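Student: Handing you a structure now.
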Amino acid sequence: MQALEIQSFSYDGRAEILAALLSGLADGGGWVLDRRTLSPSMVELRVEAQLRAIVDLYGAIVAAGLELTRSSHLALTGLCTCRRNALRSADLNQLLTLRIEISFLEDITLHSLLATAAAPA
């Protein structure tokens with residue numbers, strides 16, 4: 001099983017983004033294994049899917065309104081290339097685990113920034 005780390009952010013509302021993302025992931029063939037709140041402005045989703053569904057999942061992430069980091073785009077496009085070049089049907093059935101970290105930038109306030117900066121190292 002292959003694991004993939006995806007970092008993303010959004011300036012839109014948390015409720016709208018998560019509703020669109022969860023619906024899109026389910027429609028695209030993904031299973032949400034876990035959902036955790038990491039901080040007041042950050043959420044983590046753990047999603048499992050087959051390699052054959054990676055293009056649909058990539059589309060669902062972008063369609064939900066998430067902005068991805070460069071490394072996240074590269075990782076996802078790399079998997080899309082693997083999918084396209086899979087020689088056997090068994091390769092397409094390979095399971096992937098995606099850890100999607102979402103930062104909601106609208107939720108970040110001056111107070112939360114100062115509290116984070118003042119935290120001991």
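We name chains A, B, ... following the order of the structure tokens; residues begin at 1 in each chain, and ligands are numbered from 1 as shown.
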Just the residues within 12 Å of A:Ser71, please, counting only C-alpha atoms, with nothing from its chain fewer than 2 positions along; format it as number ranges by chain.
Tutor: A: 4-8, 67-69, 73-78
Student: At a cut-off of 10 Å, using only C-alpha atoms, what residues contact A:Leu25? Leave out same-chain residues fewer than 6 positions from it and give the result as a ChimeraX atom specification.
Tutor: /A:31-32,47-49,53,56-61,64
Student: Next, dump the selected residues to file, keeping only N, CA, C and O atoms, as a PDB file, in the first residue's frame.
Tutor:
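Generated file (part_20.pdb):
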```pdb
ATOM      1  N   TRP A  31     -12.568   6.222   0.246  1.00  0.00           N
ATOM      2  CA  TRP A  31     -13.176   5.918   1.529  1.00  0.00           C
ATOM      3  C   TRP A  31     -12.468   6.747   2.586  1.00  0.00           C
ATOM      4  O   TRP A  31     -11.244   6.646   2.742  1.00  0.00           O
ATOM      5  N   VAL A  32     -13.210   7.563   3.309  1.00  0.00           N
ATOM      6  CA  VAL A  32     -12.625   8.360   4.387  1.00  0.00           C
ATOM      7  C   VAL A  32     -12.459   7.438   5.594  1.00  0.00           C
ATOM      8  O   VAL A  32     -13.433   6.937   6.144  1.00  0.00           O
ATOM      9  N   VAL A  47      -7.688   9.095   3.661  1.00  0.00           N
ATOM     10  CA  VAL A  47      -8.557   8.537   2.633  1.00  0.00           C
ATOM     11  C   VAL A  47      -7.850   7.351   1.991  1.00  0.00           C
ATOM     12  O   VAL A  47      -6.645   7.390   1.753  1.00  0.00           O
ATOM     13  N   GLU A  48      -8.621   6.321   1.707  1.00  0.00           N
ATOM     14  CA  GLU A  48      -8.084   5.158   1.017  1.00  0.00           C
ATOM     15  C   GLU A  48      -8.816   5.008  -0.311  1.00  0.00           C
ATOM     16  O   GLU A  48     -10.024   5.235  -0.396  1.00  0.00           O
ATOM     17  N   ALA A  49      -8.076   4.637  -1.355  1.00  0.00           N
ATOM     18  CA  ALA A  49      -8.664   4.454  -2.684  1.00  0.00           C
ATOM     19  C   ALA A  49      -7.780   3.541  -3.512  1.00  0.00           C
ATOM     20  O   ALA A  49      -6.613   3.322  -3.181  1.00  0.00           O
ATOM     21  N   ALA A  53      -8.769   5.124  -9.235  1.00  0.00           N
ATOM     22  CA  ALA A  53      -9.626   6.260  -8.903  1.00  0.00           C
ATOM     23  C   ALA A  53      -8.857   7.563  -8.703  1.00  0.00           C
ATOM     24  O   ALA A  53      -9.464   8.595  -8.407  1.00  0.00           O
ATOM     25  N   ASP A  56     -10.025  10.797 -10.536  1.00  0.00           N
ATOM     26  CA  ASP A  56     -11.281  11.319  -9.998  1.00  0.00           C
ATOM     27  C   ASP A  56     -11.078  11.970  -8.631  1.00  0.00           C
ATOM     28  O   ASP A  56     -11.687  12.999  -8.319  1.00  0.00           O
ATOM     29  N   LEU A  57     -10.220  11.389  -7.807  1.00  0.00           N
ATOM     30  CA  LEU A  57      -9.956  11.966  -6.484  1.00  0.00           C
ATOM     31  C   LEU A  57      -9.220  13.297  -6.602  1.00  0.00           C
ATOM     32  O   LEU A  57      -9.530  14.254  -5.885  1.00  0.00           O
ATOM     33  N   TYR A  58      -8.251  13.356  -7.500  1.00  0.00           N
ATOM     34  CA  TYR A  58      -7.519  14.603  -7.743  1.00  0.00           C
ATOM     35  C   TYR A  58      -8.506  15.691  -8.181  1.00  0.00           C
ATOM     36  O   TYR A  58      -8.507  16.807  -7.670  1.00  0.00           O
ATOM     37  N   GLY A  59      -9.380  15.340  -9.099  1.00  0.00           N
ATOM     38  CA  GLY A  59     -10.392  16.283  -9.560  1.00  0.00           C
ATOM     39  C   GLY A  59     -11.325  16.729  -8.447  1.00  0.00           C
ATOM     40  O   GLY A  59     -11.697  17.900  -8.353  1.00  0.00           O
ATOM     41  N   ALA A  60     -11.707  15.800  -7.569  1.00  0.00           N
ATOM     42  CA  ALA A  60     -12.603  16.129  -6.457  1.00  0.00           C
ATOM     43  C   ALA A  60     -11.945  17.099  -5.476  1.00  0.00           C
ATOM     44  O   ALA A  60     -12.588  18.017  -4.968  1.00  0.00           O
ATOM     45  N   ILE A  61     -10.656  16.907  -5.232  1.00  0.00           N
ATOM     46  CA  ILE A  61      -9.924  17.787  -4.313  1.00  0.00           C
ATOM     47  C   ILE A  61      -9.883  19.212  -4.871  1.00  0.00           C
ATOM     48  O   ILE A  61     -10.172  20.183  -4.178  1.00  0.00           O
ATOM     49  N   ALA A  64     -13.402  20.878  -5.087  1.00  0.00           N
ATOM     50  CA  ALA A  64     -13.934  21.302  -3.789  1.00  0.00           C
ATOM     51  C   ALA A  64     -13.456  22.701  -3.406  1.00  0.00           C
ATOM     52  O   ALA A  64     -14.010  23.329  -2.511  1.00  0.00           O
TER      53      ALA A  64
END
```
Student: Of the candidates A:Ala90, A:Ala63, A:Gln2, A:Thr97, which one gets nearest to A:Gly30 if we count only C-alpha atoms?
Tutor: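 Using only C-alpha atoms, A:Gly30 sits closest to A:Thr97.
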Student: For A:Arg84, which residue among A:Ala26, A:Leu51, A:Leu66, A:Leu96 is the nearest when counting only C-alpha atoms?
Tutor: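 Between A:Ala26, A:Leu51, A:Leu66, A:Leu96, the residue approaching A:Arg84 most closely is A:Leu51.
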Student: Have a look at A:Leu38, A:Val43, A:Leu98, A:Leu33 and name the one nearest to A:Ser72; count only C-alpha atoms.
Tutor: A:Leu98
Student: Env of A:Asp12: 10 Å cut, atoms = only C-alpha atoms, seq-sep filter 4 positions within chain, self excluded. Answer as JSON, numbers by chain.
Tutor: {"A": [16, 17, 65, 66, 104, 105, 106, 107]}
Student: Could those selected residues go to a file with N, CA and C atoms, as a compact mmCIF listing (two decimals), in the first residue's frame?
Tutor:
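Produced file part-v4.txt, reproduced below:
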```txt
# COMPACT_ATOMS: atom_id res chain seq x y z
N GLU A 16 -18.38 24.55 3.97
CA GLU A 16 -18.61 24.38 2.53
C GLU A 16 -17.53 23.50 1.90
N ILE A 17 -16.29 23.77 2.24
CA ILE A 17 -15.17 23.01 1.67
C ILE A 17 -15.26 21.54 2.07
N GLY A 65 -12.44 23.20 -4.10
CA GLY A 65 -11.94 24.54 -3.83
C GLY A 65 -10.66 24.59 -3.03
N LEU A 66 -9.98 23.46 -2.90
CA LEU A 66 -8.72 23.45 -2.17
C LEU A 66 -7.57 23.88 -3.07
N PHE A 104 -7.37 26.09 6.96
CA PHE A 104 -8.42 27.07 6.65
C PHE A 104 -7.90 28.44 7.06
N LEU A 105 -7.49 29.21 6.07
CA LEU A 105 -6.83 30.48 6.34
C LEU A 105 -7.80 31.56 6.78
N GLU A 106 -9.09 31.42 6.49
CA GLU A 106 -10.05 32.40 6.96
C GLU A 106 -10.20 32.34 8.48
N ASP A 107 -9.90 31.17 9.07
CA ASP A 107 -10.03 30.98 10.51
C ASP A 107 -8.84 31.52 11.29
```
Student: Please, what distance in Å, to one decimal, runs between atom CA of A:Leu95 and atom CA of A:Ser10?
Tutor: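 Distance reported for this atom pair: 27.4 Å.
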